[in-house]
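Here's protein-v1.pdb, which has PDB, C-alpha atoms, pLDDT in the B column:
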```
ATOM      1  CA  MET A   1       6.292  32.166  -7.493  1.00 83.00           C
ATOM      2  CA  THR A   2       7.527  33.443 -10.835  1.00 84.00           C
ATOM      3  CA  GLU A   3       6.851  31.860 -14.205  1.00 87.00           C
ATOM      4  CA  LYS A   4      10.430  30.563 -14.303  1.00 89.00           C
ATOM      5  CA  GLU A   5      10.080  29.004 -10.833  1.00 89.00           C
ATOM      6  CA  TYR A   6       6.785  27.432 -11.873  1.00 87.00           C
ATOM      7  CA  ASN A   7       8.408  25.880 -14.957  1.00 89.00           C
ATOM      8  CA  GLN A   8      11.267  24.563 -12.825  1.00 90.00           C
ATOM      9  CA  CYS A   9       8.717  23.080 -10.445  1.00 89.00           C
ATOM     10  CA  VAL A  10       6.957  21.333 -13.336  1.00 88.00           C
ATOM     11  CA  ASN A  11      10.240  19.908 -14.619  1.00 90.00           C
ATOM     12  CA  GLN A  12      11.387  18.830 -11.173  1.00 90.00           C
ATOM     13  CA  TYR A  13       8.204  17.337  -9.665  1.00 89.00           C
ATOM     14  CA  ALA A  14       5.913  16.240 -12.510  1.00 89.00           C
ATOM     15  CA  ASP A  15       7.201  12.656 -12.568  1.00 89.00           C
ATOM     16  CA  ASN A  16       7.023  12.256  -8.782  1.00 89.00           C
ATOM     17  CA  VAL A  17       3.469  13.588  -8.567  1.00 90.00           C
ATOM     18  CA  PHE A  18       2.343  11.447 -11.502  1.00 91.00           C
ATOM     19  CA  ARG A  19       3.942   8.319 -10.000  1.00 88.00           C
ATOM     20  CA  PHE A  20       2.218   8.968  -6.657  1.00 88.00           C
ATOM     21  CA  ILE A  21      -1.195   9.519  -8.248  1.00 87.00           C
ATOM     22  CA  VAL A  22      -1.003   6.641 -10.742  1.00 87.00           C
ATOM     23  CA  LYS A  23      -0.026   4.198  -7.976  1.00 85.00           C
ATOM     24  CA  ASN A  24      -3.129   5.249  -6.070  1.00 83.00           C
ATOM     25  CA  LEU A  25      -5.577   5.381  -8.966  1.00 82.00           C
ATOM     26  CA  ARG A  26      -4.042   2.575 -11.050  1.00 82.00           C
ATOM     27  CA  HIS A  27      -5.286   4.302 -14.215  1.00 83.00           C
ATOM     28  CA  GLU A  28      -2.855   6.409 -16.249  1.00 86.00           C
ATOM     29  CA  GLU A  29      -5.370   8.661 -18.006  1.00 88.00           C
ATOM     30  CA  ASP A  30      -7.151   9.537 -14.766  1.00 87.00           C
ATOM     31  CA  ALA A  31      -3.784  10.165 -13.110  1.00 88.00           C
ATOM     32  CA  ARG A  32      -2.765  12.506 -15.937  1.00 89.00           C
ATOM     33  CA  ASP A  33      -6.007  14.448 -15.503  1.00 89.00           C
ATOM     34  CA  VAL A  34      -5.490  14.756 -11.740  1.00 89.00           C
ATOM     35  CA  VAL A  35      -1.863  15.872 -12.131  1.00 90.00           C
ATOM     36  CA  GLN A  36      -2.802  18.352 -14.858  1.00 90.00           C
ATOM     37  CA  THR A  37      -5.486  19.858 -12.634  1.00 90.00           C
ATOM     38  CA  ALA A  38      -3.015  20.109  -9.742  1.00 90.00           C
ATOM     39  CA  PHE A  39      -0.495  21.985 -11.890  1.00 90.00           C
ATOM     40  CA  GLU A  40      -3.272  24.191 -13.241  1.00 90.00           C
ATOM     41  CA  LYS A  41      -4.358  25.117  -9.705  1.00 90.00           C
ATOM     42  CA  MET A  42      -0.753  25.838  -8.782  1.00 90.00           C
ATOM     43  CA  TRP A  43      -0.456  28.108 -11.840  1.00 90.00           C
ATOM     44  CA  VAL A  44      -3.645  29.980 -10.948  1.00 90.00           C
ATOM     45  CA  ASN A  45      -2.464  30.447  -7.346  1.00 88.00           C
ATOM     46  CA  ARG A  46       1.217  30.985  -8.144  1.00 86.00           C
ATOM     47  CA  ALA A  47       1.207  34.436  -6.535  1.00 87.00           C
ATOM     48  CA  GLU A  48       0.400  32.889  -3.138  1.00 88.00           C
ATOM     49  CA  VAL A  49       2.703  29.860  -3.506  1.00 86.00           C
ATOM     50  CA  ASP A  50       6.106  30.112  -1.857  1.00 86.00           C
ATOM     51  CA  ASN A  51       8.700  28.532  -4.144  1.00 84.00           C
ATOM     52  CA  ALA A  52      10.390  26.831  -1.167  1.00 86.00           C
ATOM     53  CA  LYS A  53       7.109  25.034  -0.368  1.00 86.00           C
ATOM     54  CA  ALA A  54       6.067  24.342  -3.966  1.00 87.00           C
ATOM     55  CA  LYS A  55       6.596  20.569  -3.732  1.00 88.00           C
ATOM     56  CA  SER A  56       4.475  20.245  -0.619  1.00 87.00           C
ATOM     57  CA  TYR A  57       1.801  22.516  -2.099  1.00 89.00           C
ATOM     58  CA  LEU A  58       1.752  20.515  -5.321  1.00 90.00           C
ATOM     59  CA  PHE A  59       1.449  17.139  -3.573  1.00 89.00           C
ATOM     60  CA  THR A  60      -1.271  18.524  -1.308  1.00 89.00           C
ATOM     61  CA  VAL A  61      -3.327  19.814  -4.232  1.00 90.00           C
ATOM     62  CA  ALA A  62      -2.772  16.591  -6.206  1.00 90.00           C
ATOM     63  CA  TYR A  63      -3.766  14.476  -3.200  1.00 89.00           C
ATOM     64  CA  HIS A  64      -7.017  16.411  -2.734  1.00 89.00           C
ATOM     65  CA  GLN A  65      -7.763  16.244  -6.477  1.00 89.00           C
ATOM     66  CA  MET A  66      -7.188  12.480  -6.344  1.00 89.00           C
ATOM     67  CA  ILE A  67      -9.583  12.095  -3.393  1.00 87.00           C
ATOM     68  CA  ASP A  68     -12.213  14.138  -5.254  1.00 86.00           C
ATOM     69  CA  HIS A  69     -11.719  11.968  -8.331  1.00 86.00           C
ATOM     70  CA  ILE A  70     -12.058   8.746  -6.314  1.00 82.00           C
ATOM     71  CA  ARG A  71     -15.264   9.984  -4.711  1.00 80.00           C
ATOM     72  CA  LYS A  72     -16.667  10.940  -8.090  1.00 80.00           C
ATOM     73  CA  VAL A  73     -15.835   7.540  -9.587  1.00 77.00           C
ATOM     74  CA  LYS A  74     -17.359   5.719  -6.602  1.00 73.00           C
ATOM     75  CA  ARG A  75     -20.641   7.540  -7.106  1.00 67.00           C
ATOM     76  CA  ILE A  76     -20.724   6.449 -10.739  1.00 63.00           C
ATOM     77  CA  LYS A  77     -19.934   2.737 -10.303  1.00 61.00           C
ATOM     78  CA  LEU A  78     -22.669   0.160  -9.920  1.00 52.00           C
ATOM     79  CA  LYS A  79     -22.993  -1.919  -6.768  1.00 50.00           C
ATOM     80  CA  ASP A  80     -21.957  -5.048  -8.655  1.00 50.00           C
ATOM     81  CA  ASP A  81     -18.464  -3.632  -9.023  1.00 53.00           C
ATOM     82  CA  PHE A  82     -17.940  -3.818  -5.262  1.00 49.00           C
ATOM     83  CA  LYS A  83     -17.951  -7.629  -5.123  1.00 52.00           C
ATOM     84  CA  GLU A  84     -14.197  -7.784  -5.744  1.00 52.00           C
ATOM     85  CA  ASP A  85     -13.541  -8.341  -2.044  1.00 51.00           C
ATOM     86  CA  THR A  86     -13.980 -12.104  -2.358  1.00 47.00           C
ATOM     87  CA  LEU A  87     -10.726 -14.022  -2.289  1.00 50.00           C
ATOM     88  CA  VAL A  88      -9.850 -16.324  -5.157  1.00 49.00           C
ATOM     89  CA  TYR A  89      -7.424 -18.991  -4.000  1.00 51.00           C
ATOM     90  CA  ASP A  90      -6.934 -20.862  -7.262  1.00 49.00           C
ATOM     91  CA  ARG A  91      -5.512 -17.795  -9.009  1.00 50.00           C
ATOM     92  CA  PRO A  92      -1.784 -18.273  -9.679  1.00 51.00           C
ATOM     93  CA  VAL A  93       0.453 -15.529  -8.334  1.00 46.00           C
ATOM     94  CA  SER A  94       2.796 -14.625 -11.148  1.00 56.00           C
ATOM     95  CA  ASN A  95       5.190 -12.246  -9.460  1.00 66.00           C
ATOM     96  CA  THR A  96       5.982 -10.127  -6.451  1.00 73.00           C
ATOM     97  CA  LYS A  97       4.889  -6.865  -8.065  1.00 75.00           C
ATOM     98  CA  LYS A  98       1.352  -8.160  -8.609  1.00 79.00           C
ATOM     99  CA  VAL A  99       1.143  -9.403  -5.022  1.00 77.00           C
ATOM    100  CA  LEU A 100       2.325  -6.032  -3.707  1.00 79.00           C
ATOM    101  CA  GLU A 101      -0.126  -4.155  -5.932  1.00 81.00           C
ATOM    102  CA  GLU A 102      -2.940  -6.408  -4.740  1.00 81.00           C
ATOM    103  CA  ALA A 103      -1.918  -5.839  -1.126  1.00 81.00           C
ATOM    104  CA  LEU A 104      -1.890  -2.068  -1.656  1.00 83.00           C
ATOM    105  CA  SER A 105      -5.256  -2.172  -3.405  1.00 83.00           C
ATOM    106  CA  ARG A 106      -6.818  -3.753  -0.299  1.00 85.00           C
ATOM    107  CA  LEU A 107      -5.940  -0.708   1.797  1.00 86.00           C
ATOM    108  CA  SER A 108      -8.280   2.250   2.168  1.00 86.00           C
ATOM    109  CA  GLU A 109      -7.482   5.315   0.064  1.00 85.00           C
ATOM    110  CA  THR A 110      -6.029   7.095   3.080  1.00 86.00           C
ATOM    111  CA  GLN A 111      -3.860   4.161   4.123  1.00 87.00           C
ATOM    112  CA  ARG A 112      -2.618   3.571   0.570  1.00 87.00           C
ATOM    113  CA  SER A 113      -1.767   7.262   0.193  1.00 86.00           C
ATOM    114  CA  LEU A 114       0.127   7.290   3.488  1.00 88.00           C
ATOM    115  CA  VAL A 115       2.143   4.185   2.577  1.00 87.00           C
ATOM    116  CA  LEU A 116       3.000   5.611  -0.838  1.00 86.00           C
ATOM    117  CA  LEU A 117       3.946   9.026   0.528  1.00 87.00           C
ATOM    118  CA  LYS A 118       6.122   7.572   3.298  1.00 87.00           C
ATOM    119  CA  ASP A 119       7.656   4.466   1.736  1.00 83.00           C
ATOM    120  CA  TYR A 120       7.698   5.316  -1.967  1.00 81.00           C
ATOM    121  CA  GLU A 121       8.182   9.099  -1.919  1.00 82.00           C
ATOM    122  CA  GLY A 122      10.115   9.402   1.362  1.00 83.00           C
ATOM    123  CA  TYR A 123       8.124  12.180   3.043  1.00 86.00           C
ATOM    124  CA  SER A 124       8.396  12.766   6.789  1.00 88.00           C
ATOM    125  CA  TYR A 125       5.395  12.276   9.069  1.00 89.00           C
ATOM    126  CA  GLU A 126       5.038  16.042   9.394  1.00 88.00           C
ATOM    127  CA  GLU A 127       5.069  16.583   5.620  1.00 88.00           C
ATOM    128  CA  ILE A 128       2.538  13.800   5.106  1.00 88.00           C
ATOM    129  CA  GLY A 129       0.327  15.402   7.719  1.00 88.00           C
ATOM    130  CA  LYS A 130       0.410  18.706   5.858  1.00 87.00           C
ATOM    131  CA  ILE A 131      -0.366  17.020   2.539  1.00 86.00           C
ATOM    132  CA  THR A 132      -3.256  14.910   3.837  1.00 86.00           C
ATOM    133  CA  GLY A 133      -4.634  17.259   6.477  1.00 88.00           C
ATOM    134  CA  LEU A 134      -3.985  14.785   9.293  1.00 88.00           C
ATOM    135  CA  ASN A 135      -1.949  15.516  12.398  1.00 90.00           C
ATOM    136  CA  GLU A 136       1.359  13.740  12.876  1.00 89.00           C
ATOM    137  CA  SER A 137      -0.054  11.272  15.433  1.00 91.00           C
ATOM    138  CA  GLN A 138      -2.868  10.261  13.094  1.00 91.00           C
ATOM    139  CA  VAL A 139      -0.374   9.732  10.284  1.00 90.00           C
ATOM    140  CA  LYS A 140       1.701   7.425  12.478  1.00 91.00           C
ATOM    141  CA  VAL A 141      -1.319   5.442  13.686  1.00 92.00           C
ATOM    142  CA  TYR A 142      -2.894   5.060  10.231  1.00 91.00           C
ATOM    143  CA  LEU A 143       0.468   4.142   8.707  1.00 91.00           C
ATOM    144  CA  HIS A 144       1.101   1.557  11.438  1.00 91.00           C
ATOM    145  CA  ARG A 145      -2.323  -0.023  10.858  1.00 91.00           C
ATOM    146  CA  ALA A 146      -1.777  -0.028   7.096  1.00 90.00           C
ATOM    147  CA  ARG A 147       1.567  -1.784   7.486  1.00 88.00           C
ATOM    148  CA  ILE A 148       0.005  -4.416   9.751  1.00 89.00           C
ATOM    149  CA  GLN A 149      -2.700  -4.999   7.162  1.00 88.00           C
ATOM    150  CA  LEU A 150      -0.066  -5.271   4.405  1.00 85.00           C
ATOM    151  CA  LYS A 151       2.004  -7.685   6.495  1.00 85.00           C
ATOM    152  CA  ASN A 152      -0.989  -9.891   7.232  1.00 84.00           C
ATOM    153  CA  TYR A 153      -1.897 -10.065   3.556  1.00 82.00           C
ATOM    154  CA  LEU A 154       1.669 -10.640   2.346  1.00 79.00           C
ATOM    155  CA  VAL A 155       2.436 -13.467   4.808  1.00 78.00           C
ATOM    156  CA  SER A 156      -0.825 -15.353   4.342  1.00 73.00           C
ATOM    157  CA  PRO A 157      -0.159 -18.825   2.896  1.00 70.00           C
ATOM    158  CA  GLU A 158      -1.983 -18.224  -0.381  1.00 69.00           C
ATOM    159  CA  ASN A 159       0.151 -15.146  -1.130  1.00 63.00           C
ATOM    160  CA  VAL A 160       3.594 -16.377  -0.104  1.00 60.00           C
ATOM    161  CA  LEU A 161       5.802 -16.797  -3.164  1.00 51.00           C
TER     162      LEU A 161
END
```
Translate the structure of the given file into structure tokens.
Amino acid sequence: MTEKEYNQCVNQYADNVFRFIVKNLRHEEDARDVVQTAFEKMWVNRAEVDNAKAKSYLFTVAYHQMIDHIRKVKRIKLKDDFKEDTLVYDRPVSNTKKVLEEALSRLSETQRSLVLLKDYEGYSYEEIGKITGLNESQVKVYLHRARIQLKNYLVSPENVL
């Protein structure tokens, strides 16, 4: 990959990668750091990166950086922070976007990433498998389970708009 191709890649994919990471992390500054590190790694390894596969390479590196970041943050948080699993039924639901974000936040990191890659970014099962390191069958199974979990949350009486 040449310097010109790298710059084109940055211009073409920066927004998509950032959107994918920020939807997973739900924190803009952390997402910027992860995306910056992904582009930095791509720059360092640009000699080995095929320009035709730059998008896939970039999403793969960003995905792995995001997983590393999540693991790091989990080690730092106190146990009290994990009591968010309790349902609060008297909380008013203000709009669909909040309900969808809440539904996505209840998924595991892997499931959330798969849903975002497939339904938000439009990747094929094969491409998602390459990005996440899963085989195509695993992607389909995990994505199916994630969608069932989303459906069950979204149609529960306390979440119906």
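Put simply, the PyMOL selection byres ((chain A and resi 139-151) around 9) on this file hits Leu100, Ala103, Leu104, Arg106, Leu107, Ser108, Thr110, Gln111, Arg112, Leu114, Val115, Lys118, Tyr125, Glu126, Ile128, Gly129, Thr132, Leu134, Asn135, Glu136, Ser137, Gln138, Asn152, Tyr153, Leu154, Val155 and Ser156 of chain A.
One distance worth recording is that between CA of His27 (chain A) and CA of Ile67 (chain A), which is 14.0 Å.
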| task | For the structure shown, which residues end up in the PyMOL selection byres ((chain A and resi 29-40) around 10)? Put them as a count of residues only, please? | result | 37
| message | Between A:Lys4, A:Lys98, A:Lys130, A:Lys74, which residue has the minimum interatomic distance to Lys55 (chain A), considering only C-alpha atoms? | response | A:Lys130
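With CA of Leu116 (chain A) on one side and CA of Asn16 (chain A) on the other, the separation reads 11.1 Å.
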| field | For Asp50 (chain A), the nearest of the candidates A:Thr2, A:Glu121, A:Pro157, A:Glu127, counting all atoms listed in the file | value | A:Thr2
Exercise on region 16-21 of chain A, axis-aligned box with 5 Å per side, report centre and edge lengths in Å to one decimal, as JSON:
```
{"center_x": 2.9, "center_y": 11.0, "center_z": -9.1, "size_x": 18.2, "size_y": 15.3, "size_z": 14.8}
```
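Our summary of the geometry notes that CA of Glu109 (chain A) is positioned 25.8 Å from CA of Gln12 (chain A).
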